[in-house]
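The structure file entry-v3.cif is reproduced below (mmCIF, C-alpha atoms and all ligand atoms).
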```
data_entry
loop_
_atom_site.group_PDB
_atom_site.id
_atom_site.type_symbol
_atom_site.label_atom_id
_atom_site.label_comp_id
_atom_site.auth_asym_id
_atom_site.auth_seq_id
_atom_site.Cartn_x
_atom_site.Cartn_y
_atom_site.Cartn_z
ATOM 1 C CA MET X 214 0.000 0.000 0.000
ATOM 2 C CA LEU X 215 1.140 3.537 -0.522
ATOM 3 C CA LEU X 216 -0.073 6.857 0.853
ATOM 4 C CA SER X 217 -1.635 8.913 -1.889
ATOM 5 C CA THR X 218 -3.887 11.918 -2.351
ATOM 6 C CA VAL X 219 -7.272 11.639 -4.046
ATOM 7 C CA LYS X 220 -7.141 13.805 -7.146
ATOM 8 C CA GLY X 221 -9.968 12.665 -9.392
ATOM 9 C CA THR X 222 -13.698 12.123 -9.364
ATOM 10 C CA LEU X 223 -15.434 9.875 -6.846
ATOM 11 C CA ARG X 224 -19.041 8.886 -6.456
ATOM 12 C CA ARG X 225 -20.416 10.698 -3.402
ATOM 13 C CA GLN X 226 -21.733 8.768 -0.418
ATOM 14 C CA ARG X 227 -25.057 9.819 1.083
ATOM 15 C CA LEU X 228 -23.714 10.307 4.574
ATOM 16 C CA LYS X 229 -23.511 13.216 6.987
ATOM 17 C CA THR X 230 -20.274 14.034 5.308
ATOM 18 C CA ASP X 231 -18.519 12.562 2.336
ATOM 19 C CA LEU X 232 -16.762 9.341 3.272
ATOM 20 C CA VAL X 233 -13.881 10.253 1.057
ATOM 21 C CA ALA X 234 -13.386 13.374 -0.993
ATOM 22 C CA VAL X 235 -10.867 14.962 -3.303
ATOM 23 C CA GLY X 236 -7.909 16.046 -1.181
ATOM 24 C CA ASP X 237 -8.229 13.275 1.391
ATOM 25 C CA ARG X 238 -5.090 11.315 2.147
ATOM 26 C CA VAL X 239 -5.744 7.649 1.550
ATOM 27 C CA TRP X 240 -3.866 4.365 1.587
ATOM 28 C CA VAL X 241 -4.257 2.572 -1.703
ATOM 29 C CA THR X 242 -3.290 -0.738 -3.204
ATOM 30 C CA ASP X 243 -2.075 -0.458 -6.756
ATOM 31 C CA VAL X 244 -4.346 -2.612 -8.908
ATOM 32 C CA GLY X 245 -2.615 -1.677 -12.142
ATOM 33 C CA ALA X 246 -3.652 0.355 -15.175
ATOM 34 C CA ASP X 247 -3.368 3.617 -13.228
ATOM 35 C CA GLU X 248 -6.036 2.470 -10.790
ATOM 36 C CA GLY X 249 -5.960 1.990 -7.059
ATOM 37 C CA GLN X 250 -8.158 0.480 -4.408
ATOM 38 C CA ILE X 251 -8.655 2.600 -1.282
ATOM 39 C CA GLU X 252 -7.833 0.585 1.850
ATOM 40 C CA ALA X 253 -7.886 3.282 4.522
ATOM 41 C CA ILE X 254 -8.554 6.985 4.856
ATOM 42 C CA GLU X 255 -6.478 9.314 6.999
ATOM 43 C CA PRO X 256 -8.427 11.691 9.274
ATOM 44 C CA ARG X 257 -9.495 14.861 7.439
ATOM 45 C CA LEU X 258 -7.793 17.868 9.020
ATOM 46 C CA ARG X 259 -9.802 20.625 7.347
ATOM 47 C CA SER X 260 -12.258 20.995 4.554
ATOM 48 C CA LEU X 261 -14.079 23.460 2.393
ATOM 49 C CA ALA X 262 -17.646 22.200 2.309
ATOM 50 C CA ARG X 263 -21.204 23.194 1.749
ATOM 51 C CA LEU X 264 -24.570 21.558 2.154
ATOM 52 C CA ALA X 265 -25.495 19.209 -0.616
ATOM 53 C CA ARG X 266 -29.016 20.656 -0.626
ATOM 54 C CA LEU X 267 -30.557 23.379 1.505
ATOM 55 C CA THR X 268 -32.960 20.993 3.211
ATOM 56 C CA ASP X 269 -30.349 18.344 3.665
ATOM 57 C CA ASP X 270 -27.994 17.860 6.569
ATOM 58 C CA THR X 271 -25.475 16.235 4.339
ATOM 59 C CA GLU X 272 -22.238 18.108 3.968
ATOM 60 C CA GLN X 273 -20.660 18.088 0.549
ATOM 61 C CA ILE X 274 -16.905 18.385 0.607
ATOM 62 C CA ILE X 275 -15.641 20.784 -2.037
ATOM 63 C CA LEU X 276 -12.032 20.016 -1.111
ATOM 64 C CA ALA X 277 -10.550 18.101 1.796
ATOM 65 C CA ASN X 278 -7.410 19.372 3.518
ATOM 66 C CA PRO X 279 -6.929 22.683 1.706
ATOM 67 C CA ASP X 280 -4.317 25.098 3.045
ATOM 68 C CA GLN X 281 -6.313 28.044 1.773
ATOM 69 C CA ALA X 282 -9.227 29.036 -0.436
ATOM 70 C CA LEU X 283 -9.285 31.440 -3.364
ATOM 71 C CA PHE X 284 -12.779 32.831 -3.830
ATOM 72 C CA LEU X 285 -13.093 33.946 -7.419
ATOM 73 C CA PHE X 286 -15.606 36.408 -8.824
ATOM 74 C CA ALA X 287 -15.598 38.245 -12.141
ATOM 75 C CA VAL X 288 -15.704 41.931 -12.982
ATOM 76 C CA ARG X 289 -18.753 41.013 -15.039
ATOM 77 C CA ASP X 290 -20.325 38.089 -16.925
ATOM 78 C CA PRO X 291 -21.483 37.235 -14.298
ATOM 79 C CA GLU X 292 -21.740 40.357 -12.123
ATOM 80 C CA PRO X 293 -19.921 40.090 -8.792
ATOM 81 C CA HIS X 294 -22.123 39.198 -5.843
ATOM 82 C CA ARG X 295 -20.947 40.897 -2.664
ATOM 83 C CA ARG X 296 -23.177 39.041 -0.231
ATOM 84 C CA MET X 297 -22.115 35.724 -1.674
ATOM 85 C CA LEU X 298 -18.462 36.676 -1.299
ATOM 86 C CA ASP X 299 -19.180 37.639 2.307
ATOM 87 C CA ARG X 300 -20.790 34.254 2.933
ATOM 88 C CA PHE X 301 -17.773 32.487 1.432
ATOM 89 C CA LEU X 302 -15.512 34.501 3.711
ATOM 90 C CA VAL X 303 -17.598 33.658 6.789
ATOM 91 C CA LEU X 304 -17.449 29.997 5.842
ATOM 92 C CA ALA X 305 -13.653 30.137 5.520
ATOM 93 C CA GLU X 306 -13.241 32.095 8.775
ATOM 94 C CA SER X 307 -15.460 29.627 10.614
ATOM 95 C CA ARG X 308 -13.232 26.784 9.485
ATOM 96 C CA GLY X 309 -9.962 28.568 10.160
ATOM 97 C CA LEU X 310 -9.161 28.495 6.480
ATOM 98 C CA PRO X 311 -7.126 31.436 5.147
ATOM 99 C CA ALA X 312 -9.028 33.148 2.323
ATOM 100 C CA LEU X 313 -7.758 34.930 -0.753
ATOM 101 C CA ILE X 314 -10.058 36.908 -3.022
ATOM 102 C CA GLY X 315 -9.706 36.863 -6.803
ATOM 103 C CA ILE X 316 -11.442 39.151 -9.251
ATOM 104 C CA GLY X 317 -11.220 37.694 -12.728
ATOM 105 C CA LYS X 318 -11.916 39.023 -16.218
ATOM 106 C CA MET X 319 -10.124 42.296 -15.447
ATOM 107 C CA ASP X 320 -9.839 42.742 -19.222
ATOM 108 C CA LEU X 321 -13.583 43.551 -19.076
ATOM 109 C CA ASP X 322 -13.124 46.218 -16.372
ATOM 110 C CA VAL X 323 -14.444 49.726 -16.993
ATOM 111 C CA PRO X 324 -13.923 53.064 -15.207
ATOM 112 C CA ALA X 325 -15.889 53.422 -11.964
ATOM 113 C CA ARG X 326 -17.461 56.590 -13.358
ATOM 114 C CA PRO X 327 -17.262 57.639 -16.991
ATOM 115 C CA GLY X 328 -14.331 59.953 -17.548
ATOM 116 C CA THR X 329 -12.519 58.975 -14.335
ATOM 117 C CA GLY X 330 -9.459 56.780 -14.298
ATOM 118 C CA GLY X 331 -10.582 54.643 -11.333
ATOM 119 C CA SER X 332 -11.521 51.045 -12.003
ATOM 120 C CA LEU X 333 -15.002 49.698 -11.274
ATOM 121 C CA ALA X 334 -13.583 46.400 -10.015
ATOM 122 C CA ARG X 335 -11.117 48.054 -7.672
ATOM 123 C CA ALA X 336 -13.840 50.329 -6.294
ATOM 124 C CA PHE X 337 -16.155 47.360 -5.788
ATOM 125 C CA PHE X 338 -13.598 45.265 -3.904
ATOM 126 C CA ALA X 339 -11.772 48.086 -2.080
ATOM 127 C CA ASP X 340 -13.535 47.211 1.192
ATOM 128 C CA TYR X 341 -11.744 43.866 1.297
ATOM 129 C CA GLU X 342 -8.202 45.027 0.662
ATOM 130 C CA PRO X 343 -7.328 45.996 4.256
ATOM 131 C CA VAL X 344 -8.362 42.547 5.501
ATOM 132 C CA TYR X 345 -7.824 40.039 2.705
ATOM 133 C CA ASP X 346 -5.255 39.427 -0.001
ATOM 134 C CA VAL X 347 -7.127 40.609 -3.109
ATOM 135 C CA HIS X 348 -5.906 39.581 -6.574
ATOM 136 C CA TYR X 349 -7.039 41.350 -9.757
ATOM 137 C CA LEU X 350 -6.700 38.813 -12.560
ATOM 138 C CA SER X 351 -7.279 38.123 -16.203
ATOM 139 C CA ALA X 352 -6.879 34.783 -17.923
ATOM 140 C CA VAL X 353 -6.898 36.695 -21.218
ATOM 141 C CA THR X 354 -4.151 39.281 -20.591
ATOM 142 C CA GLY X 355 -2.297 37.436 -17.819
ATOM 143 C CA GLU X 356 -2.825 40.332 -15.410
ATOM 144 C CA GLY X 357 -2.042 39.417 -11.804
ATOM 145 C CA LEU X 358 -0.942 35.850 -12.518
ATOM 146 C CA ASP X 359 2.650 36.226 -11.310
ATOM 147 C CA ARG X 360 1.623 37.639 -7.952
ATOM 148 C CA LEU X 361 -1.088 34.989 -7.630
ATOM 149 C CA LYS X 362 1.449 32.223 -8.295
ATOM 150 C CA GLN X 363 3.517 33.513 -5.393
ATOM 151 C CA ALA X 364 0.477 33.259 -3.127
ATOM 152 C CA LEU X 365 -0.191 29.679 -4.265
ATOM 153 C CA VAL X 366 3.292 28.185 -4.234
ATOM 154 C CA GLY X 367 3.827 25.291 -1.838
ATOM 155 C CA LYS X 368 0.164 25.181 -0.840
ATOM 156 C CA VAL X 369 -3.050 23.355 -1.624
ATOM 157 C CA THR X 370 -5.605 25.940 -2.714
ATOM 158 C CA ALA X 371 -9.302 25.451 -3.414
ATOM 159 C CA VAL X 372 -10.531 27.799 -6.124
ATOM 160 C CA ALA X 373 -14.246 28.330 -5.562
ATOM 161 C CA GLY X 374 -16.886 30.718 -6.827
ATOM 162 C CA PRO X 375 -20.027 30.993 -8.928
ATOM 163 C CA SER X 376 -20.290 29.240 -12.277
ATOM 164 C CA GLY X 377 -18.840 31.114 -15.230
ATOM 165 C CA VAL X 378 -16.475 33.426 -13.335
ATOM 166 C CA GLY X 379 -13.509 31.758 -15.011
ATOM 167 C CA LYS X 380 -12.116 29.309 -12.454
ATOM 168 C CA SER X 381 -11.132 26.722 -15.038
ATOM 169 C CA SER X 382 -9.833 29.403 -17.400
ATOM 170 C CA LEU X 383 -7.663 30.801 -14.610
ATOM 171 C CA LEU X 384 -6.135 27.390 -13.958
ATOM 172 C CA ASN X 385 -5.528 26.957 -17.671
ATOM 173 C CA ALA X 386 -3.707 30.287 -17.662
ATOM 174 C CA LEU X 387 -1.620 29.221 -14.648
ATOM 175 C CA ASP X 388 -0.699 25.928 -16.300
ATOM 176 C CA PRO X 389 -1.046 26.202 -20.080
ATOM 177 C CA ASP X 390 0.017 22.568 -20.587
ATOM 178 C CA ARG X 391 -3.178 21.224 -19.073
ATOM 179 C CA ARG X 392 -6.345 22.405 -20.689
ATOM 180 C CA ARG X 393 -9.551 22.032 -18.748
ATOM 181 C CA ALA X 394 -13.010 22.398 -20.216
ATOM 182 C CA VAL X 395 -14.162 25.994 -20.315
ATOM 183 C CA GLY X 396 -17.795 26.857 -20.880
ATOM 184 C CA ALA X 397 -19.587 29.686 -22.577
ATOM 185 C CA ILE X 398 -21.721 32.050 -20.534
ATOM 186 C CA SER X 399 -25.410 31.591 -21.207
ATOM 187 C CA GLU X 400 -26.686 34.579 -23.166
ATOM 188 C CA ALA X 401 -30.136 34.095 -21.688
ATOM 189 C CA THR X 402 -29.162 34.215 -18.018
ATOM 190 C CA GLY X 403 -25.710 35.791 -18.106
ATOM 191 C CA LYS X 404 -24.648 32.944 -15.852
ATOM 192 C CA GLY X 405 -22.259 30.098 -16.265
ATOM 193 C CA ARG X 406 -23.448 26.671 -17.252
ATOM 194 C CA HIS X 407 -21.703 24.538 -14.679
ATOM 195 C CA THR X 408 -19.059 23.285 -17.026
ATOM 196 C CA THR X 409 -16.899 21.813 -14.263
ATOM 197 C CA ILE X 410 -18.904 19.104 -12.510
ATOM 198 C CA ALA X 411 -16.490 17.726 -9.926
ATOM 199 C CA THR X 412 -13.508 18.963 -7.945
ATOM 200 C CA GLU X 413 -10.191 18.233 -9.599
ATOM 201 C CA LEU X 414 -6.835 18.717 -7.940
ATOM 202 C CA HIS X 415 -3.978 19.744 -10.214
ATOM 203 C CA ARG X 416 -0.310 20.121 -9.533
ATOM 204 C CA LEU X 417 1.062 23.341 -10.984
ATOM 205 C CA PRO X 418 4.434 23.221 -12.738
ATOM 206 C CA GLY X 419 7.445 24.054 -10.575
ATOM 207 C CA GLU X 420 9.806 22.411 -8.143
ATOM 208 C CA VAL X 421 7.814 23.168 -5.020
ATOM 209 C CA GLU X 422 4.676 21.024 -4.691
ATOM 210 C CA THR X 423 1.781 23.339 -5.437
ATOM 211 C CA TYR X 424 -1.775 22.116 -5.878
ATOM 212 C CA VAL X 425 -4.801 24.026 -7.061
ATOM 213 C CA ALA X 426 -8.301 22.564 -7.060
ATOM 214 C CA ASP X 427 -10.746 23.499 -9.769
ATOM 215 C CA THR X 428 -14.237 23.192 -8.305
ATOM 216 C CA PRO X 429 -17.767 23.234 -9.720
ATOM 217 C CA GLY X 430 -19.546 26.592 -9.731
ATOM 218 C CA ILE X 431 -21.561 27.268 -6.583
ATOM 219 C CA ARG X 432 -25.061 28.667 -7.008
ATOM 220 C CA ALA X 433 -26.051 29.161 -3.382
ATOM 221 C CA LEU X 434 -24.160 28.798 -0.181
ATOM 222 C CA ALA X 435 -25.835 27.928 3.081
ATOM 223 C CA LEU X 436 -24.047 28.756 6.285
ATOM 224 C CA GLN X 437 -25.240 25.734 8.176
ATOM 225 C CA GLY X 438 -23.653 24.973 11.505
ATOM 226 C CA ILE X 439 -22.583 28.538 12.253
ATOM 227 C CA GLU X 440 -24.100 29.962 15.429
ATOM 228 C CA ARG X 441 -25.397 33.489 14.993
ATOM 229 C CA ASP X 442 -23.656 34.482 18.215
ATOM 230 C CA ASP X 443 -20.344 33.582 16.619
ATOM 231 C CA LEU X 444 -20.838 35.581 13.425
ATOM 232 C CA ASP X 445 -19.058 38.717 14.639
ATOM 233 C CA ARG X 446 -15.872 36.674 15.035
ATOM 234 C CA PHE X 447 -16.035 35.719 11.373
ATOM 235 C CA PHE X 448 -15.965 39.325 10.139
ATOM 236 C CA PRO X 449 -12.346 40.363 10.860
ATOM 237 C CA GLU X 450 -13.265 44.055 10.636
ATOM 238 C CA LEU X 451 -15.697 43.662 13.552
ATOM 239 C CA ARG X 452 -13.348 41.740 15.832
ATOM 240 C CA PRO X 453 -11.454 44.735 17.293
ATOM 241 C CA TYR X 454 -14.761 46.266 18.443
ATOM 242 C CA SER X 455 -17.117 43.406 19.238
ATOM 243 C CA ASP X 456 -15.825 42.840 22.795
ATOM 244 C CA ARG X 457 -16.079 46.502 23.729
ATOM 245 C CA CYS X 458 -19.860 46.873 23.586
ATOM 246 C CA PHE X 459 -21.842 47.808 26.703
ATOM 247 C CA TYR X 460 -23.703 44.502 26.655
ATOM 248 C CA ALA X 461 -21.527 41.415 26.662
ATOM 249 C CA ASP X 462 -24.061 39.608 24.472
ATOM 250 C CA CYS X 463 -24.532 42.584 22.135
ATOM 251 C CA THR X 464 -25.839 41.531 18.725
ATOM 252 C CA HIS X 465 -24.530 44.821 17.223
ATOM 253 C CA LEU X 466 -27.934 45.322 15.625
ATOM 254 C CA HIS X 467 -29.795 47.753 17.898
ATOM 255 C CA GLU X 468 -28.322 47.845 21.414
ATOM 256 C CA PRO X 469 -27.187 51.119 22.974
ATOM 257 C CA GLY X 470 -23.473 51.432 23.632
ATOM 258 C CA CYS X 471 -22.536 49.278 20.664
ATOM 259 C CA SER X 472 -18.875 49.773 19.718
ATOM 260 C CA VAL X 473 -19.386 48.007 16.407
ATOM 261 C CA ARG X 474 -22.083 50.406 15.226
ATOM 262 C CA ASP X 475 -19.995 53.320 16.527
ATOM 263 C CA ALA X 476 -17.108 52.069 14.400
ATOM 264 C CA VAL X 477 -19.390 51.875 11.347
ATOM 265 C CA GLU X 478 -20.521 55.475 12.004
ATOM 266 C CA ALA X 479 -16.900 56.558 12.377
ATOM 267 C CA GLY X 480 -15.998 54.941 9.058
ATOM 268 C CA ALA X 481 -13.733 52.318 10.626
ATOM 269 C CA ILE X 482 -15.898 49.422 9.406
ATOM 270 C CA PRO X 483 -17.140 49.482 5.780
ATOM 271 C CA PRO X 484 -20.944 49.929 5.854
ATOM 272 C CA LEU X 485 -21.577 47.217 3.258
ATOM 273 C CA ARG X 486 -19.590 44.681 5.235
ATOM 274 C CA TYR X 487 -21.545 45.636 8.354
ATOM 275 C CA GLU X 488 -24.803 45.245 6.407
ATOM 276 C CA SER X 489 -23.749 41.753 5.351
ATOM 277 C CA TYR X 490 -23.065 40.910 8.972
ATOM 278 C CA ALA X 491 -26.415 42.351 10.055
ATOM 279 C CA ALA X 492 -28.350 40.455 7.367
ATOM 280 C CA LEU X 493 -26.770 37.164 8.390
ATOM 281 C CA ARG X 494 -27.183 37.955 12.088
ATOM 282 C CA ARG X 495 -30.882 38.713 11.620
ATOM 283 C CA GLY X 496 -31.242 35.526 9.618
ATOM 284 C CA ASP X 497 -32.485 37.403 6.551
ATOM 285 C CA GLU X 498 -30.179 35.358 4.429
ATOM 286 C CA SER X 499 -29.921 31.718 5.195
ATOM 287 C CA GLU X 500 -28.353 30.813 1.891
HETATM 288 N N1 LIG X 601 -12.911 38.194 -21.041
HETATM 289 C C1 LIG X 601 -12.575 37.157 -20.278
HETATM 290 N N2 LIG X 601 -13.319 36.024 -20.328
HETATM 291 C C2 LIG X 601 -12.969 34.992 -19.526
HETATM 292 C C3 LIG X 601 -11.857 35.066 -18.640
HETATM 293 N N3 LIG X 601 -11.768 33.904 -17.968
HETATM 294 C C4 LIG X 601 -12.786 33.140 -18.426
HETATM 295 N N4 LIG X 601 -13.508 33.783 -19.360
HETATM 296 C C5 LIG X 601 -14.687 33.250 -20.076
HETATM 297 O O1 LIG X 601 -15.725 32.990 -19.142
HETATM 298 C C6 LIG X 601 -16.460 31.818 -19.511
HETATM 299 C C7 LIG X 601 -16.513 30.828 -18.359
HETATM 300 O O2 LIG X 601 -15.218 30.376 -18.059
HETATM 301 P P1 LIG X 601 -14.940 29.048 -17.223
HETATM 302 O O3 LIG X 601 -13.451 29.012 -16.992
HETATM 303 O O4 LIG X 601 -15.571 27.875 -17.826
HETATM 304 O O5 LIG X 601 -15.701 29.386 -15.854
HETATM 305 P P2 LIG X 601 -15.817 28.458 -14.538
HETATM 306 O O6 LIG X 601 -15.756 29.372 -13.383
HETATM 307 O O7 LIG X 601 -14.809 27.360 -14.587
HETATM 308 O O8 LIG X 601 -17.295 27.875 -14.692
HETATM 309 P P3 LIG X 601 -17.923 26.510 -14.067
HETATM 310 O O9 LIG X 601 -17.000 25.385 -14.412
HETATM 311 O O10 LIG X 601 -19.265 26.399 -14.705
HETATM 312 O O11 LIG X 601 -18.039 26.734 -12.583
HETATM 313 C C8 LIG X 601 -15.766 31.274 -20.759
HETATM 314 O O12 LIG X 601 -16.491 31.738 -21.872
HETATM 315 C C9 LIG X 601 -14.396 31.899 -20.700
HETATM 316 O O13 LIG X 601 -13.828 32.053 -21.969
HETATM 317 C C10 LIG X 601 -11.089 36.284 -18.626
HETATM 318 O O14 LIG X 601 -10.104 36.458 -17.887
HETATM 319 N N5 LIG X 601 -11.510 37.291 -19.455
HETATM 320 MG MG MG X 602 -15.011 25.341 -14.561
HETATM 321 ZN ZN ZN X 603 -22.345 45.749 19.728
#
```

Using structure tokens, write down the structure from this file.
Ligand SMILES: Nc1nc2c(ncn2[C@@H]2O[C@H](COP(=O)(O)OP(=O)(O)OP(=O)(O)O)[C@@H](O)[C@H]2O)c(=O)[nH]1
Ligand SMILES: [Mg+2]
Ligand SMILES: [Zn+2]
Amino acid sequence: MLLSTVKGTLRRQRLKTDLVAVGDRVWVTDVGADEGQIEAIEPRLRSLARLARLTDDTEQIILANPDQALFLFAVRDPEPHRRMLDRFLVLAESRGLPALIGIGKMDLDVPARPGTGGSLARAFFADYEPVYDVHYLSAVTGEGLDRLKQALVGKVTAVAGPSGVGKSSLLNALDPDRRRAVGAISEATGKGRHTTIATELHRLPGEVETYVADTPGIRALALQGIERDDLDRFFPELRPYSDRCFYADCTHLHEPGCSVRDAVEAGAIPPLRYESYAALRRGDESE
């Protein structure tokens, strides 16, 4: 038997969590013809996961044992979705998974306001730059790829995001020798068509072992298993203030003497990030 890492497609088990998923470390017996039989599975240290269905309590592993996640959105086609990004970030924070943010299709970027030099994409994602490593990327022009490679090297990174944002195209640009299927954006919906249907782990060229997982597009993301009381910990911008409120159990929604809302007023916390927190805290958005 030899210790190996699952890199391909596996049929999912209908269990509380996947029995074995891409990224798991497994012991396999070589049965020839590039096939192996799994004999034992090492304990999963971390995972990026979501619910298989909203009504289901079955967790679907997007990638087992990632070192970090790269959440990719596009400048447009499809339009970036701030609340969805915020939910991804909460999910990563809740699992202690370092998160990078990628904004793809920068070749489609336009000025924030006509006649100004500022970029729409950079204005949209500016709130995240003080807290997260934000990468502006284009698979077409190669923009940002060298800096991204530095952030990936030596690690196992899950690339996740909505369908059609260019996850597979980005990986093709990072490793031109391996072409993955890339889909057209539906003209009717402006959305992707779920071209990638299962997580695939790829080793990038280079001496240092670097793995990047291409994952299927995610349509909705439920934050199951996260207590509302814990949410303020998963917004890094809120953390410096959330223990300083008058009430120890302050929800930061309406209480007097709330340091978080004071910080929003003072411009120390971006209002849109606070609104995302408040929507999740109120339970307005369960998916
Ligand atoms: N202009 C431009 N188009 C891009 C870029 N990257 C990807 N695209 C296009 O966007 C469409 C979707 O790309 P994919 O790479 O299949 O997107 P995906 O995120 O892998 O989609 P799923 O596999 O469905 O989740 C294709 O038509 C690509 O050619 C880019 O950097 N610039
Ligand atoms: Mg894809
Ligand atoms: Zn408060």

Within 7 Å of ligand MG 602 (chain X) (counting all atoms listed in the file), which residues show up? I'd like them as a PyMOL selection string.
chain X and resi 376-377+379-381+394-395+407-409+427-430

Explicit residue set for the PyMOL selection byres (((chain X and resi 317) around 12) and not hetatm), as number ranges by chain
X: 283-293, 314-316, 318-322, 334-335, 338, 347-358, 361, 372, 374-375, 377-384, 386

Please produce a file of those selected residues containing C-alpha atoms, as a tab-separated table (two decimals), in the frame of the given file.
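Result file follows (part22.tsv):
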```
chain	number	residue	atom	x	y	z
X	283	LEU	CA	-9.28	31.44	-3.36
X	284	PHE	CA	-12.78	32.83	-3.83
X	285	LEU	CA	-13.09	33.95	-7.42
X	286	PHE	CA	-15.61	36.41	-8.82
X	287	ALA	CA	-15.60	38.24	-12.14
X	288	VAL	CA	-15.70	41.93	-12.98
X	289	ARG	CA	-18.75	41.01	-15.04
X	290	ASP	CA	-20.32	38.09	-16.92
X	291	PRO	CA	-21.48	37.24	-14.30
X	292	GLU	CA	-21.74	40.36	-12.12
X	293	PRO	CA	-19.92	40.09	-8.79
X	314	ILE	CA	-10.06	36.91	-3.02
X	315	GLY	CA	-9.71	36.86	-6.80
X	316	ILE	CA	-11.44	39.15	-9.25
X	318	LYS	CA	-11.92	39.02	-16.22
X	319	MET	CA	-10.12	42.30	-15.45
X	320	ASP	CA	-9.84	42.74	-19.22
X	321	LEU	CA	-13.58	43.55	-19.08
X	322	ASP	CA	-13.12	46.22	-16.37
X	334	ALA	CA	-13.58	46.40	-10.02
X	335	ARG	CA	-11.12	48.05	-7.67
X	338	PHE	CA	-13.60	45.26	-3.90
X	347	VAL	CA	-7.13	40.61	-3.11
X	348	HIS	CA	-5.91	39.58	-6.57
X	349	TYR	CA	-7.04	41.35	-9.76
X	350	LEU	CA	-6.70	38.81	-12.56
X	351	SER	CA	-7.28	38.12	-16.20
X	352	ALA	CA	-6.88	34.78	-17.92
X	353	VAL	CA	-6.90	36.70	-21.22
X	354	THR	CA	-4.15	39.28	-20.59
X	355	GLY	CA	-2.30	37.44	-17.82
X	356	GLU	CA	-2.82	40.33	-15.41
X	357	GLY	CA	-2.04	39.42	-11.80
X	358	LEU	CA	-0.94	35.85	-12.52
X	361	LEU	CA	-1.09	34.99	-7.63
X	372	VAL	CA	-10.53	27.80	-6.12
X	374	GLY	CA	-16.89	30.72	-6.83
X	375	PRO	CA	-20.03	30.99	-8.93
X	377	GLY	CA	-18.84	31.11	-15.23
X	378	VAL	CA	-16.48	33.43	-13.34
X	379	GLY	CA	-13.51	31.76	-15.01
X	380	LYS	CA	-12.12	29.31	-12.45
X	381	SER	CA	-11.13	26.72	-15.04
X	382	SER	CA	-9.83	29.40	-17.40
X	383	LEU	CA	-7.66	30.80	-14.61
X	384	LEU	CA	-6.14	27.39	-13.96
X	386	ALA	CA	-3.71	30.29	-17.66
```

Kindly resolve the PyMOL selection byres (((chain X and resi 365) around 12) and not hetatm) on the present coordinates and return the residues as a ChimeraX atom specification.
/X:279-283,311-313,346,348,358-364,366-372,384,387,416-419,421-426

Which of these residues is nearest to Asp462 in chain X, using only C-alpha atoms: X:Arg441, X:Lys229, X:Arg391, X:Arg238?
X:Arg441

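Shortest separation to Glu306 in chain X among X:Val244, X:Leu466, X:Cys458, X:Val344 occurs at residue X:Val344, atoms counted being only C-alpha atoms.
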
For a test of reading the model, state the distance in Å between CA of Gly480 in chain X and CA of Leu493 in chain X, rounded to one decimal.
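Calculated distance between CA of Gly480 in chain X and CA of Leu493 in chain X is 20.8 Å.
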
The PyMOL selection byres (((not hetatm)) within 12 of (chain X and resi 603)) resolved against shown file, as a PyMOL selection string:
chain X and resi 442+445+451-477+487+490-491+494

For C-alpha atoms, I'd like the residues from the last selection saved as a JSON list (two decimals), in the frame of the given file.
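Output saved as selection_0.json:
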```json
[["chain", "number", "residue", "atom", "x", "y", "z"],
["X", 442, "ASP", "CA", -23.66, 34.48, 18.22],
["X", 445, "ASP", "CA", -19.06, 38.72, 14.64],
["X", 451, "LEU", "CA", -15.70, 43.66, 13.55],
["X", 452, "ARG", "CA", -13.35, 41.74, 15.83],
["X", 453, "PRO", "CA", -11.45, 44.74, 17.29],
["X", 454, "TYR", "CA", -14.76, 46.27, 18.44],
["X", 455, "SER", "CA", -17.12, 43.41, 19.24],
["X", 456, "ASP", "CA", -15.82, 42.84, 22.80],
["X", 457, "ARG", "CA", -16.08, 46.50, 23.73],
["X", 458, "CYS", "CA", -19.86, 46.87, 23.59],
["X", 459, "PHE", "CA", -21.84, 47.81, 26.70],
["X", 460, "TYR", "CA", -23.70, 44.50, 26.66],
["X", 461, "ALA", "CA", -21.53, 41.42, 26.66],
["X", 462, "ASP", "CA", -24.06, 39.61, 24.47],
["X", 463, "CYS", "CA", -24.53, 42.58, 22.14],
["X", 464, "THR", "CA", -25.84, 41.53, 18.73],
["X", 465, "HIS", "CA", -24.53, 44.82, 17.22],
["X", 466, "LEU", "CA", -27.93, 45.32, 15.62],
["X", 467, "HIS", "CA", -29.80, 47.75, 17.90],
["X", 468, "GLU", "CA", -28.32, 47.84, 21.41],
["X", 469, "PRO", "CA", -27.19, 51.12, 22.97],
["X", 470, "GLY", "CA", -23.47, 51.43, 23.63],
["X", 471, "CYS", "CA", -22.54, 49.28, 20.66],
["X", 472, "SER", "CA", -18.88, 49.77, 19.72],
["X", 473, "VAL", "CA", -19.39, 48.01, 16.41],
["X", 474, "ARG", "CA", -22.08, 50.41, 15.23],
["X", 475, "ASP", "CA", -20.00, 53.32, 16.53],
["X", 476, "ALA", "CA", -17.11, 52.07, 14.40],
["X", 477, "VAL", "CA", -19.39, 51.88, 11.35],
["X", 487, "TYR", "CA", -21.54, 45.64, 8.35],
["X", 490, "TYR", "CA", -23.06, 40.91, 8.97],
["X", 491, "ALA", "CA", -26.42, 42.35, 10.06],
["X", 494, "ARG", "CA", -27.18, 37.96, 12.09]]
```

Would you place a box with edges along x, y and z of the file around all atoms of ligand LIG 601 (chain X) listed there, add 8 Å to each of its six sides, and report the centre and edge lengths in Å to one decimal, as lines of an AutoDock Vina configuration file?
```
center_x = -14.7
center_y = 31.8
center_z = -17.3
size_x = 25.2
size_y = 28.8
size_z = 25.4
```

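Restricting the calculation to only C-alpha atoms and all ligand atoms, the smallest distance between ligand LIG 601 (chain X) and any of X:Arg326, X:His294, X:Arg432, X:Arg308 is found for X:Arg432.
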